[in-house]
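One file, input-v7.pdb, carrying PDB, C-alpha atoms, pLDDT in the B column:
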ATOM      1  CA  MET R   1     -52.879  40.280  -5.032  1.00 48.00           C
ATOM      2  CA  THR R   2     -53.846  38.895  -1.652  1.00 48.00           C
ATOM      3  CA  GLY R   3     -57.336  39.586  -0.376  1.00 48.00           C
ATOM      4  CA  ARG R   4     -58.150  40.917   3.073  1.00 48.00           C
ATOM      5  CA  GLY R   5     -59.192  37.469   4.350  1.00 49.00           C
ATOM      6  CA  ASP R   6     -56.566  35.500   2.602  1.00 51.00           C
ATOM      7  CA  VAL R   7     -53.573  34.042   4.452  1.00 46.00           C
ATOM      8  CA  PRO R   8     -50.381  35.409   2.993  1.00 48.00           C
ATOM      9  CA  ALA R   9     -48.486  32.840   1.018  1.00 50.00           C
ATOM     10  CA  THR R  10     -45.446  31.568   2.812  1.00 51.00           C
ATOM     11  CA  ALA R  11     -42.262  32.326   0.938  1.00 50.00           C
ATOM     12  CA  PRO R  12     -40.359  29.194   0.025  1.00 54.00           C
ATOM     13  CA  ALA R  13     -37.487  28.444   2.368  1.00 50.00           C
ATOM     14  CA  PRO R  14     -34.143  29.100   0.817  1.00 51.00           C
ATOM     15  CA  ALA R  15     -32.358  26.028  -0.399  1.00 50.00           C
ATOM     16  CA  PRO R  16     -29.596  24.924   1.998  1.00 47.00           C
ATOM     17  CA  ALA R  17     -26.193  26.051   0.935  1.00 44.00           C
ATOM     18  CA  PRO R  18     -24.178  23.202  -0.504  1.00 44.00           C
ATOM     19  CA  ALA R  19     -21.642  21.777   1.887  1.00 41.00           C
ATOM     20  CA  ALA R  20     -18.146  22.863   1.158  1.00 39.00           C
ATOM     21  CA  ALA R  21     -16.629  20.428  -1.224  1.00 40.00           C
ATOM     22  CA  ARG R  22     -13.991  18.293   0.450  1.00 41.00           C
ATOM     23  CA  ARG R  23     -10.555  18.906  -0.950  1.00 43.00           C
ATOM     24  CA  ARG R  24      -9.569  16.120  -3.230  1.00 47.00           C
ATOM     25  CA  GLY R  25      -7.618  13.394  -1.495  1.00 47.00           C
ATOM     26  CA  ARG R  26      -8.162  14.628   2.066  1.00 49.00           C
ATOM     27  CA  PRO R  27     -10.391  12.597   4.401  1.00 48.00           C
ATOM     28  CA  PRO R  28     -12.154  13.867   7.529  1.00 50.00           C
ATOM     29  CA  ARG R  29      -9.819  14.115  10.482  1.00 50.00           C
ATOM     30  CA  THR R  30     -11.477  11.159  12.191  1.00 47.00           C
ATOM     31  CA  GLU R  31     -10.490   8.937   9.275  1.00 56.00           C
ATOM     32  CA  SER R  32      -6.896  10.150   9.024  1.00 76.00           C
ATOM     33  CA  ALA R  33      -5.155   7.583  11.237  1.00 77.00           C
ATOM     34  CA  ASP R  34      -6.997   4.644   9.706  1.00 85.00           C
ATOM     35  CA  THR R  35      -6.372   5.885   6.175  1.00 87.00           C
ATOM     36  CA  ARG R  36      -2.677   6.444   6.823  1.00 88.00           C
ATOM     37  CA  ASP R  37      -2.299   2.944   8.256  1.00 88.00           C
ATOM     38  CA  ARG R  38      -4.149   1.481   5.280  1.00 91.00           C
ATOM     39  CA  ILE R  39      -1.810   3.255   2.864  1.00 92.00           C
ATOM     40  CA  LEU R  40       1.258   1.987   4.735  1.00 88.00           C
ATOM     41  CA  ALA R  41      -0.079  -1.575   4.745  1.00 87.00           C
ATOM     42  CA  ALA R  42      -0.743  -1.373   1.008  1.00 90.00           C
ATOM     43  CA  ALA R  43       2.721   0.103   0.417  1.00 88.00           C
ATOM     44  CA  ARG R  44       4.419  -2.744   2.283  1.00 83.00           C
ATOM     45  CA  GLU R  45       2.484  -5.285   0.215  1.00 84.00           C
ATOM     46  CA  GLU R  46       3.292  -3.543  -3.060  1.00 87.00           C
ATOM     47  CA  PHE R  47       6.989  -3.149  -2.284  1.00 83.00           C
ATOM     48  CA  SER R  48       7.133  -6.769  -1.127  1.00 76.00           C
ATOM     49  CA  GLU R  49       5.474  -8.185  -4.241  1.00 79.00           C
ATOM     50  CA  ARG R  50       6.827  -5.826  -6.907  1.00 81.00           C
ATOM     51  CA  GLY R  51      10.024  -4.374  -5.485  1.00 80.00           C
ATOM     52  CA  TYR R  52      10.863  -0.683  -5.379  1.00 82.00           C
ATOM     53  CA  GLU R  53      11.313  -0.176  -9.126  1.00 84.00           C
ATOM     54  CA  LYS R  54       7.940  -1.586 -10.192  1.00 86.00           C
ATOM     55  CA  THR R  55       5.931  -0.061  -7.364  1.00 88.00           C
ATOM     56  CA  SER R  56       4.172   3.240  -8.071  1.00 91.00           C
ATOM     57  CA  VAL R  57       2.281   5.731  -5.932  1.00 93.00           C
ATOM     58  CA  ARG R  58      -0.748   5.091  -8.143  1.00 93.00           C
ATOM     59  CA  GLY R  59      -0.487   1.348  -7.492  1.00 93.00           C
ATOM     60  CA  ILE R  60      -0.216   1.908  -3.745  1.00 93.00           C
ATOM     61  CA  ALA R  61      -3.245   4.202  -3.832  1.00 94.00           C
ATOM     62  CA  LYS R  62      -5.282   1.662  -5.796  1.00 93.00           C
ATOM     63  CA  ALA R  63      -4.363  -1.137  -3.380  1.00 93.00           C
ATOM     64  CA  ALA R  64      -5.330   1.076  -0.421  1.00 91.00           C
ATOM     65  CA  GLY R  65      -8.583   2.196  -2.043  1.00 91.00           C
ATOM     66  CA  VAL R  66      -7.693   5.896  -1.991  1.00 92.00           C
ATOM     67  CA  ASP R  67      -6.786   8.645  -4.419  1.00 91.00           C
ATOM     68  CA  SER R  68      -3.132   9.112  -5.390  1.00 91.00           C
ATOM     69  CA  ALA R  69      -3.330  12.665  -4.077  1.00 92.00           C
ATOM     70  CA  LEU R  70      -3.992  11.291  -0.618  1.00 91.00           C
ATOM     71  CA  VAL R  71      -0.788   9.238  -0.697  1.00 92.00           C
ATOM     72  CA  HIS R  72       1.163  12.373  -1.658  1.00 92.00           C
ATOM     73  CA  HIS R  73      -0.634  14.346   1.065  1.00 91.00           C
ATOM     74  CA  TYR R  74       0.439  11.965   3.818  1.00 91.00           C
ATOM     75  CA  PHE R  75       3.872  10.896   2.616  1.00 90.00           C
ATOM     76  CA  GLY R  76       5.098  12.901  -0.375  1.00 89.00           C
ATOM     77  CA  THR R  77       7.207  11.063  -2.947  1.00 89.00           C
ATOM     78  CA  LYS R  78       7.508   7.322  -3.533  1.00 89.00           C
ATOM     79  CA  GLU R  79      10.859   7.357  -1.719  1.00 86.00           C
ATOM     80  CA  GLN R  80       9.212   8.932   1.316  1.00 88.00           C
ATOM     81  CA  VAL R  81       6.424   6.340   1.207  1.00 89.00           C
ATOM     82  CA  PHE R  82       9.098   3.624   1.134  1.00 85.00           C
ATOM     83  CA  GLU R  83      10.945   5.147   4.092  1.00 83.00           C
ATOM     84  CA  ALA R  84       7.731   5.319   6.121  1.00 85.00           C
ATOM     85  CA  ALA R  85       6.817   1.750   5.175  1.00 82.00           C
ATOM     86  CA  ILE R  86      10.202   0.280   6.077  1.00 77.00           C
ATOM     87  CA  GLU R  87      10.319   2.236   9.335  1.00 77.00           C
ATOM     88  CA  VAL R  88       7.091   0.527  10.380  1.00 76.00           C
ATOM     89  CA  ALA R  89       8.312  -2.852   9.131  1.00 72.00           C
ATOM     90  CA  PHE R  90      11.679  -2.360  10.867  1.00 72.00           C
ATOM     91  CA  ALA R  91      10.085  -1.342  14.166  1.00 75.00           C
ATOM     92  CA  PRO R  92      10.298  -4.845  15.731  1.00 73.00           C
ATOM     93  CA  ALA R  93      14.046  -4.889  15.067  1.00 69.00           C
ATOM     94  CA  LEU R  94      14.424  -1.533  16.798  1.00 70.00           C
ATOM     95  CA  THR R  95      12.450  -2.785  19.779  1.00 73.00           C
ATOM     96  CA  LEU R  96      14.681  -5.845  20.004  1.00 69.00           C
ATOM     97  CA  ARG R  97      17.731  -3.603  19.662  1.00 70.00           C
ATOM     98  CA  ASP R  98      16.812  -1.975  22.967  1.00 75.00           C
ATOM     99  CA  ALA R  99      16.220  -5.393  24.534  1.00 77.00           C
ATOM    100  CA  ALA R 100      19.603  -6.623  23.313  1.00 74.00           C
ATOM    101  CA  LEU R 101      21.375  -3.594  24.764  1.00 77.00           C
ATOM    102  CA  ALA R 102      19.569  -3.797  28.091  1.00 79.00           C
ATOM    103  CA  GLY R 103      21.912  -6.467  29.491  1.00 77.00           C
ATOM    104  CA  PRO R 104      25.695  -6.585  29.994  1.00 83.00           C
ATOM    105  CA  LEU R 105      27.940  -6.002  26.986  1.00 84.00           C
ATOM    106  CA  ALA R 106      29.785  -9.230  27.746  1.00 85.00           C
ATOM    107  CA  ASP R 107      27.065 -11.247  26.020  1.00 88.00           C
ATOM    108  CA  VAL R 108      25.432  -8.636  23.777  1.00 87.00           C
ATOM    109  CA  GLY R 109      26.490 -10.584  20.676  1.00 89.00           C
ATOM    110  CA  GLU R 110      24.448 -13.588  21.763  1.00 91.00           C
ATOM    111  CA  ARG R 111      21.383 -11.472  22.537  1.00 89.00           C
ATOM    112  CA  MET R 112      21.525  -9.499  19.293  1.00 87.00           C
ATOM    113  CA  THR R 113      21.999 -12.586  17.157  1.00 91.00           C
ATOM    114  CA  ARG R 114      19.253 -14.567  18.849  1.00 91.00           C
ATOM    115  CA  LEU R 115      16.749 -11.727  18.771  1.00 85.00           C
ATOM    116  CA  LEU R 116      17.428 -10.834  15.137  1.00 86.00           C
ATOM    117  CA  PHE R 117      17.129 -14.403  13.904  1.00 91.00           C
ATOM    118  CA  GLY R 118      13.970 -14.716  15.940  1.00 88.00           C
ATOM    119  CA  LEU R 119      12.513 -12.022  13.682  1.00 84.00           C
ATOM    120  CA  TRP R 120      13.666 -13.803  10.539  1.00 89.00           C
ATOM    121  CA  GLU R 121      12.317 -17.152  11.666  1.00 91.00           C
ATOM    122  CA  ASN R 122       8.853 -15.708  12.332  1.00 88.00           C
ATOM    123  CA  PRO R 123       6.853 -15.566   9.043  1.00 85.00           C
ATOM    124  CA  VAL R 124       4.897 -12.526  10.259  1.00 81.00           C
ATOM    125  CA  THR R 125       8.005 -10.388  10.743  1.00 79.00           C
ATOM    126  CA  ARG R 126      10.077 -12.061   8.015  1.00 83.00           C
ATOM    127  CA  THR R 127       7.814 -10.975   5.130  1.00 78.00           C
ATOM    128  CA  PRO R 128       8.270  -7.201   5.550  1.00 75.00           C
ATOM    129  CA  LEU R 129      12.008  -7.658   6.187  1.00 78.00           C
ATOM    130  CA  LEU R 130      12.299  -9.567   2.907  1.00 79.00           C
ATOM    131  CA  ALA R 131      10.536  -6.719   1.118  1.00 75.00           C
ATOM    132  CA  ILE R 132      13.003  -4.213   2.551  1.00 76.00           C
ATOM    133  CA  ILE R 133      16.092  -6.235   1.641  1.00 78.00           C
ATOM    134  CA  ARG R 134      14.923  -7.096  -1.875  1.00 77.00           C
ATOM    135  CA  SER R 135      14.089  -3.496  -2.663  1.00 77.00           C
ATOM    136  CA  ALA R 136      17.383  -2.225  -1.247  1.00 79.00           C
ATOM    137  CA  VAL R 137      19.414  -4.765  -3.229  1.00 78.00           C
ATOM    138  CA  ASN R 138      17.780  -3.826  -6.524  1.00 77.00           C
ATOM    139  CA  ASN R 139      17.494  -0.057  -6.251  1.00 79.00           C
ATOM    140  CA  ASP R 140      19.914   2.655  -5.153  1.00 84.00           C
ATOM    141  CA  THR R 141      17.155   4.922  -3.842  1.00 80.00           C
ATOM    142  CA  ALA R 142      15.704   2.162  -1.703  1.00 78.00           C
ATOM    143  CA  ALA R 143      19.197   1.231  -0.511  1.00 81.00           C
ATOM    144  CA  ALA R 144      19.857   4.829   0.533  1.00 81.00           C
ATOM    145  CA  ALA R 145      16.584   4.920   2.488  1.00 77.00           C
ATOM    146  CA  LEU R 146      17.489   1.688   4.275  1.00 77.00           C
ATOM    147  CA  ARG R 147      20.995   2.965   5.069  1.00 79.00           C
ATOM    148  CA  ARG R 148      19.565   6.090   6.658  1.00 77.00           C
ATOM    149  CA  LEU R 149      17.220   4.054   8.809  1.00 74.00           C
ATOM    150  CA  VAL R 150      19.841   1.531   9.893  1.00 76.00           C
ATOM    151  CA  SER R 151      22.428   4.228  10.536  1.00 76.00           C
ATOM    152  CA  THR R 152      20.264   6.593  12.559  1.00 72.00           C
ATOM    153  CA  GLN R 153      18.012   4.119  14.359  1.00 70.00           C
ATOM    154  CA  LEU R 154      20.225   1.093  14.893  1.00 74.00           C
ATOM    155  CA  LEU R 155      23.983   1.503  14.474  1.00 77.00           C
ATOM    156  CA  ARG R 156      24.386   4.814  16.283  1.00 79.00           C
ATOM    157  CA  ARG R 157      22.421   3.462  19.240  1.00 79.00           C
ATOM    158  CA  VAL R 158      24.596   0.351  19.392  1.00 81.00           C
ATOM    159  CA  ALA R 159      27.824   2.311  18.899  1.00 82.00           C
ATOM    160  CA  GLY R 160      26.839   4.632  21.723  1.00 83.00           C
ATOM    161  CA  GLU R 161      27.003   1.722  24.153  1.00 82.00           C
ATOM    162  CA  LEU R 162      30.523   0.647  23.177  1.00 84.00           C
ATOM    163  CA  GLN R 163      33.621   1.864  24.931  1.00 80.00           C
ATOM    164  CA  ALA R 164      35.912   2.084  21.914  1.00 84.00           C
ATOM    165  CA  GLU R 165      37.304   4.724  19.585  1.00 87.00           C
ATOM    166  CA  ASP R 166      36.152   2.752  16.549  1.00 90.00           C
ATOM    167  CA  ALA R 167      32.682   2.087  17.976  1.00 89.00           C
ATOM    168  CA  GLU R 168      30.828   2.973  14.763  1.00 89.00           C
ATOM    169  CA  LEU R 169      32.994   0.654  12.671  1.00 92.00           C
ATOM    170  CA  ARG R 170      32.490  -2.147  15.189  1.00 91.00           C
ATOM    171  CA  ALA R 171      28.725  -1.700  15.102  1.00 88.00           C
ATOM    172  CA  GLU R 172      28.715  -1.666  11.291  1.00 89.00           C
ATOM    173  CA  LEU R 173      30.787  -4.851  11.090  1.00 91.00           C
ATOM    174  CA  ALA R 174      28.456  -6.604  13.513  1.00 90.00           C
ATOM    175  CA  ALA R 175      25.444  -5.482  11.494  1.00 87.00           C
ATOM    176  CA  ALA R 176      27.108  -6.620   8.260  1.00 89.00           C
ATOM    177  CA  GLN R 177      27.687 -10.053   9.769  1.00 90.00           C
ATOM    178  CA  LEU R 178      24.050 -10.396  10.793  1.00 89.00           C
ATOM    179  CA  VAL R 179      22.468  -8.903   7.674  1.00 85.00           C
ATOM    180  CA  GLY R 180      24.798 -10.775   5.331  1.00 89.00           C
ATOM    181  CA  THR R 181      24.031 -14.108   6.938  1.00 92.00           C
ATOM    182  CA  ALA R 182      20.299 -13.361   6.873  1.00 89.00           C
ATOM    183  CA  MET R 183      20.476 -12.516   3.170  1.00 87.00           C
ATOM    184  CA  LEU R 184      22.258 -15.753   2.321  1.00 91.00           C
ATOM    185  CA  ARG R 185      19.804 -17.813   4.373  1.00 93.00           C
ATOM    186  CA  TYR R 186      16.453 -16.147   3.702  1.00 90.00           C
ATOM    187  CA  VAL R 187      16.838 -14.198   0.425  1.00 86.00           C
ATOM    188  CA  ILE R 188      19.408 -16.041  -1.705  1.00 88.00           C
ATOM    189  CA  LYS R 189      18.786 -19.333   0.139  1.00 92.00           C
ATOM    190  CA  VAL R 190      22.284 -20.745  -0.180  1.00 95.00           C
ATOM    191  CA  GLU R 191      22.572 -24.328   1.023  1.00 96.00           C
ATOM    192  CA  PRO R 192      23.370 -25.739   3.516  1.00 96.00           C
ATOM    193  CA  LEU R 193      22.908 -22.411   5.324  1.00 96.00           C
ATOM    194  CA  ALA R 194      19.285 -22.055   4.192  1.00 95.00           C
ATOM    195  CA  SER R 195      18.174 -25.322   5.768  1.00 96.00           C
ATOM    196  CA  ALA R 196      20.552 -25.423   8.742  1.00 97.00           C
ATOM    197  CA  ASP R 197      19.078 -25.421  12.242  1.00 96.00           C
ATOM    198  CA  VAL R 198      18.803 -21.843  13.459  1.00 96.00           C
ATOM    199  CA  GLU R 199      20.358 -22.734  16.816  1.00 96.00           C
ATOM    200  CA  GLN R 200      23.467 -23.970  15.035  1.00 96.00           C
ATOM    201  CA  ILE R 201      23.689 -20.694  13.143  1.00 96.00           C
ATOM    202  CA  ILE R 202      23.274 -18.628  16.315  1.00 96.00           C
ATOM    203  CA  ALA R 203      25.916 -20.687  18.128  1.00 96.00           C
ATOM    204  CA  ARG R 204      28.480 -20.042  15.387  1.00 96.00           C
ATOM    205  CA  LEU R 205      27.554 -16.460  14.580  1.00 95.00           C
ATOM    206  CA  ALA R 206      27.089 -14.946  18.045  1.00 95.00           C
ATOM    207  CA  PRO R 207      30.789 -15.144  19.057  1.00 95.00           C
ATOM    208  CA  VAL R 208      31.766 -13.408  15.799  1.00 95.00           C
ATOM    209  CA  VAL R 209      29.274 -10.605  16.428  1.00 93.00           C
ATOM    210  CA  GLN R 210      30.550 -10.302  19.999  1.00 93.00           C
ATOM    211  CA  ALA R 211      34.140 -10.072  18.777  1.00 93.00           C
ATOM    212  CA  HIS R 212      33.227  -7.241  16.407  1.00 92.00           C
ATOM    213  CA  LEU R 213      31.514  -5.299  19.189  1.00 90.00           C
ATOM    214  CA  THR R 214      33.806  -5.788  22.183  1.00 89.00           C
ATOM    215  CA  GLY R 215      36.852  -7.792  21.068  1.00 84.00           C
ATOM    216  CA  ASP R 216      40.419  -6.486  21.073  1.00 76.00           C
TER     217      ASP R 216
END
Take the structure in the file and give it back as C-alpha cells.
Amino acid sequence: MTGRGDVPATAPAPAPAPAAARRRGRPPRTESADTRDRILAAAREEFSERGYEKTSVRGIAKAAGVDSALVHHYFGTKEQVFEAAIEVAFAPALTLRDAALAGPLADVGERMTRLLFGLWENPVTRTPLLAIIRSAVNNDTAAAALRRLVSTQLLRRVAGELQAEDAELRAELAAAQLVGTAMLRYVIKVEPLASADVEQIIARLAPVVQAHLTGD
C-alpha cells in the first residue's frame, strides 16, 4: 500500500504489439521491382544453362535468393516464368523489328536480316537467344511459349505491313528462313556456315527473305 508521501509507482508501459508478420514470399512494395528483375535474370540463367526440362521453380528461386513462393507470386507456373523470361530476352528483336519496318518495303529483307544477325553476332544478346532456342527445341511446352511470342509480337506485326492475301504465310516463311539459318550457324554450328563471314551470309540470305515478303 502506498503511503501518503510516497510517489505512486509508475505502471510498466505495455509491450509494443508485434509487427504484423510479412506474408511468406512477399517483399515490401519498394523491393518488388528489383526482386522481380532478379528472378527474371536468374530464370534466364537457369534456362540457358539447364534447358527447360531441368530447370525448376525451386532452382530459379535459389539462384535469385528468394523463396519459391515469391516466384509463384510474381509469375505463376514454370511455363509462365519461361514466357516472361523469353519476352525480356526477345525484347531487342522486337525493337529491331520496328526499326526494320520503319523504312520502305522494297528493302525490308535486307534490314531485317542485317538487324537480326546483328543480335546473334553480339555475345550479350546471343546468350539469351540461345537459351530460348535450345529450350524450345527440346521441350514442347517451351516451344509453344516461343510460338505464342513470335506469332503475337513479331509475325503479325510484319504481316500487317504487307499488301498480300497470304501475308501471314509470307511473314512465317521469312521468319523460318532467318531462324533456321541462325540455328544452323549458332546452335548446331554446321560448317562452313558456322565460320562464314556474317556479311556473306547477309548478302545471300537477304534477297531470299525479301522474296518471301514481297515477291510475286
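Among the candidate residues R:Ala69, R:Ala99, R:Leu155, R:Ile86, the one lying nearest to R:Ala142 is R:Ile86, with distances computed using only C-alpha atoms.
Proximity ranking of R:Ala167, R:Leu119, R:Leu173, R:Ala136 relative to R:Tyr186 places R:Leu119 first, based on all atoms listed in the file.
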Check: So which residues get picked by the PyMOL selection byres ((chain R and resi 109) around 8) here, written as a PyMOL selection string?
Finding: chain R and resi 105-108+110-113+206-211+213
Next item on the list: Give me, please, the distance in Å between atom CA of R:Arg97 and atom CA of R:Leu169, quoted to one decimal.
Entry: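 Separating atom CA of R:Arg97 from atom CA of R:Leu169 is a distance of 17.3 Å.
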Checklist line | Resolved residues for the PyMOL selection byres ((chain R and resi 71) around 10) as a list in words | finding: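 Selected by the PyMOL selection byres ((chain R and resi 71) around 10) in this file: Gly25, Arg26, Thr35, Arg36, Ile39, Leu40, Ala43, Val57, Arg58, Ile60, Ala61, Ala64, Val66, Asp67, Ser68, Ala69, Leu70, His72, His73, Tyr74, Phe75, Gly76, Thr77, Lys78 and Val81 of chain R.
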Next item on the list: Please indicate the distance in Å from atom CA of R:Pro128 to atom CA of R:Ser48, rounded to one decimal place.
Entry: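 Answer for the atom CA of R:Pro128 to atom CA of R:Ser48 separation: 6.8 Å.
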Note to self: If I take atom CA of R:Ala131 and atom CA of R:Glu161, how far is one from the other in Å, to one decimal?
What the structure shows: 29.5 Å
Item checked: Proximity to R:Thr55 - best of R:Thr95, R:Asn139, R:Arg38, R:Val179, all atoms listed in the file ->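 Among the listed residues, the smallest separation from R:Thr55 belongs to R:Asn139.
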Local residues around (7.2, -4.2, 0.8), at most 12 Å away, using all atoms listed in the file, as a tab-separated table (two decimals) with C-alpha atoms, in the frame of the given file:
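Final output, out-v4.tsv:
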chain	number	residue	atom	x	y	z
R	39	ILE	CA	-1.81	3.26	2.86
R	40	LEU	CA	1.26	1.99	4.74
R	41	ALA	CA	-0.08	-1.58	4.74
R	42	ALA	CA	-0.74	-1.37	1.01
R	43	ALA	CA	2.72	0.10	0.42
R	44	ARG	CA	4.42	-2.74	2.28
R	45	GLU	CA	2.48	-5.28	0.22
R	46	GLU	CA	3.29	-3.54	-3.06
R	47	PHE	CA	6.99	-3.15	-2.28
R	48	SER	CA	7.13	-6.77	-1.13
R	49	GLU	CA	5.47	-8.18	-4.24
R	50	ARG	CA	6.83	-5.83	-6.91
R	51	GLY	CA	10.02	-4.37	-5.48
R	52	TYR	CA	10.86	-0.68	-5.38
R	53	GLU	CA	11.31	-0.18	-9.13
R	54	LYS	CA	7.94	-1.59	-10.19
R	55	THR	CA	5.93	-0.06	-7.36
R	56	SER	CA	4.17	3.24	-8.07
R	60	ILE	CA	-0.22	1.91	-3.74
R	81	VAL	CA	6.42	6.34	1.21
R	82	PHE	CA	9.10	3.62	1.13
R	83	GLU	CA	10.94	5.15	4.09
R	84	ALA	CA	7.73	5.32	6.12
R	85	ALA	CA	6.82	1.75	5.18
R	86	ILE	CA	10.20	0.28	6.08
R	87	GLU	CA	10.32	2.24	9.34
R	88	VAL	CA	7.09	0.53	10.38
R	89	ALA	CA	8.31	-2.85	9.13
R	90	PHE	CA	11.68	-2.36	10.87
R	125	THR	CA	8.01	-10.39	10.74
R	126	ARG	CA	10.08	-12.06	8.02
R	127	THR	CA	7.81	-10.98	5.13
R	128	PRO	CA	8.27	-7.20	5.55
R	129	LEU	CA	12.01	-7.66	6.19
R	130	LEU	CA	12.30	-9.57	2.91
R	131	ALA	CA	10.54	-6.72	1.12
R	132	ILE	CA	13.00	-4.21	2.55
R	133	ILE	CA	16.09	-6.24	1.64
R	134	ARG	CA	14.92	-7.10	-1.88
R	135	SER	CA	14.09	-3.50	-2.66
R	136	ALA	CA	17.38	-2.22	-1.25
R	142	ALA	CA	15.70	2.16	-1.70
Note to self: Using all atoms listed in the file for the distances, tell me which of R:Asp98, R:Asp216, R:Asp34, R:Glu121 is nearest to R:Gln163.
What the structure shows: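 When distances to R:Gln163 are compared using all atoms listed in the file, the smallest one comes from R:Asp216.
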Next item on the list: Starting from the displayed file, determine the output of the PyMOL selection byres ((chain R and resi 157) around 12) and express the residue list as a ChimeraX atom specification.
Entry: /R:94-95,97-98,100-102,149-156,158-162,167-168,171-172
Please complete stretch 76-90 of chain R so it has N, CA, C and O atoms, and hand it over as a PDB file, in the coordinates of the input.
ATOM      1  N   GLY R  76       4.248  12.232   0.599  1.00 89.00           N
ATOM      2  CA  GLY R  76       5.098  12.901  -0.375  1.00 89.00           C
ATOM      3  C   GLY R  76       5.449  11.988  -1.538  1.00 89.00           C
ATOM      4  O   GLY R  76       4.580  11.402  -2.176  1.00 89.00           O
ATOM      5  N   THR R  77       6.737  11.832  -1.802  1.00 89.00           N
ATOM      6  CA  THR R  77       7.207  11.063  -2.947  1.00 89.00           C
ATOM      7  C   THR R  77       7.198   9.563  -2.661  1.00 89.00           C
ATOM      8  O   THR R  77       6.994   9.140  -1.524  1.00 89.00           O
ATOM      9  N   LYS R  78       7.438   8.774  -3.712  1.00 89.00           N
ATOM     10  CA  LYS R  78       7.508   7.322  -3.533  1.00 89.00           C
ATOM     11  C   LYS R  78       8.631   6.948  -2.572  1.00 89.00           C
ATOM     12  O   LYS R  78       8.470   6.031  -1.747  1.00 89.00           O
ATOM     13  N   GLU R  79       9.755   7.637  -2.646  1.00 86.00           N
ATOM     14  CA  GLU R  79      10.859   7.357  -1.719  1.00 86.00           C
ATOM     15  C   GLU R  79      10.432   7.580  -0.270  1.00 86.00           C
ATOM     16  O   GLU R  79      10.764   6.800   0.619  1.00 86.00           O
ATOM     17  N   GLN R  80       9.662   8.646  -0.039  1.00 88.00           N
ATOM     18  CA  GLN R  80       9.212   8.932   1.316  1.00 88.00           C
ATOM     19  C   GLN R  80       8.181   7.904   1.792  1.00 88.00           C
ATOM     20  O   GLN R  80       8.146   7.557   2.973  1.00 88.00           O
ATOM     21  N   VAL R  81       7.354   7.420   0.859  1.00 89.00           N
ATOM     22  CA  VAL R  81       6.424   6.340   1.207  1.00 89.00           C
ATOM     23  C   VAL R  81       7.209   5.098   1.613  1.00 89.00           C
ATOM     24  O   VAL R  81       6.899   4.426   2.598  1.00 89.00           O
ATOM     25  N   PHE R  82       8.270   4.794   0.843  1.00 85.00           N
ATOM     26  CA  PHE R  82       9.098   3.624   1.134  1.00 85.00           C
ATOM     27  C   PHE R  82       9.752   3.761   2.502  1.00 85.00           C
ATOM     28  O   PHE R  82       9.769   2.814   3.294  1.00 85.00           O
ATOM     29  N   GLU R  83      10.299   4.939   2.795  1.00 83.00           N
ATOM     30  CA  GLU R  83      10.945   5.147   4.092  1.00 83.00           C
ATOM     31  C   GLU R  83       9.954   4.949   5.236  1.00 83.00           C
ATOM     32  O   GLU R  83      10.275   4.323   6.255  1.00 83.00           O
ATOM     33  N   ALA R  84       8.740   5.484   5.075  1.00 85.00           N
ATOM     34  CA  ALA R  84       7.731   5.319   6.121  1.00 85.00           C
ATOM     35  C   ALA R  84       7.335   3.859   6.269  1.00 85.00           C
ATOM     36  O   ALA R  84       7.153   3.360   7.387  1.00 85.00           O
ATOM     37  N   ALA R  85       7.218   3.159   5.144  1.00 82.00           N
ATOM     38  CA  ALA R  85       6.817   1.750   5.175  1.00 82.00           C
ATOM     39  C   ALA R  85       7.884   0.885   5.841  1.00 82.00           C
ATOM     40  O   ALA R  85       7.568   0.005   6.649  1.00 82.00           O
ATOM     41  N   ILE R  86       9.159   1.122   5.504  1.00 77.00           N
ATOM     42  CA  ILE R  86      10.202   0.280   6.077  1.00 77.00           C
ATOM     43  C   ILE R  86      10.443   0.629   7.541  1.00 77.00           C
ATOM     44  O   ILE R  86      10.854  -0.224   8.323  1.00 77.00           O
ATOM     45  N   GLU R  87      10.165   1.878   7.920  1.00 77.00           N
ATOM     46  CA  GLU R  87      10.319   2.236   9.335  1.00 77.00           C
ATOM     47  C   GLU R  87       9.326   1.452  10.185  1.00 77.00           C
ATOM     48  O   GLU R  87       9.666   0.973  11.264  1.00 77.00           O
ATOM     49  N   VAL R  88       8.097   1.318   9.671  1.00 76.00           N
ATOM     50  CA  VAL R  88       7.091   0.527  10.380  1.00 76.00           C
ATOM     51  C   VAL R  88       7.487  -0.945  10.392  1.00 76.00           C
ATOM     52  O   VAL R  88       7.410  -1.629  11.413  1.00 76.00           O
ATOM     53  N   ALA R  89       7.932  -1.442   9.226  1.00 72.00           N
ATOM     54  CA  ALA R  89       8.312  -2.852   9.131  1.00 72.00           C
ATOM     55  C   ALA R  89       9.541  -3.166   9.975  1.00 72.00           C
ATOM     56  O   ALA R  89       9.700  -4.280  10.485  1.00 72.00           O
ATOM     57  N   PHE R  90      10.428  -2.177  10.134  1.00 72.00           N
ATOM     58  CA  PHE R  90      11.679  -2.360  10.867  1.00 72.00           C
ATOM     59  C   PHE R  90      11.503  -2.140  12.367  1.00 72.00           C
ATOM     60  O   PHE R  90      12.419  -2.400  13.142  1.00 72.00           O
TER      61      PHE R  90
END
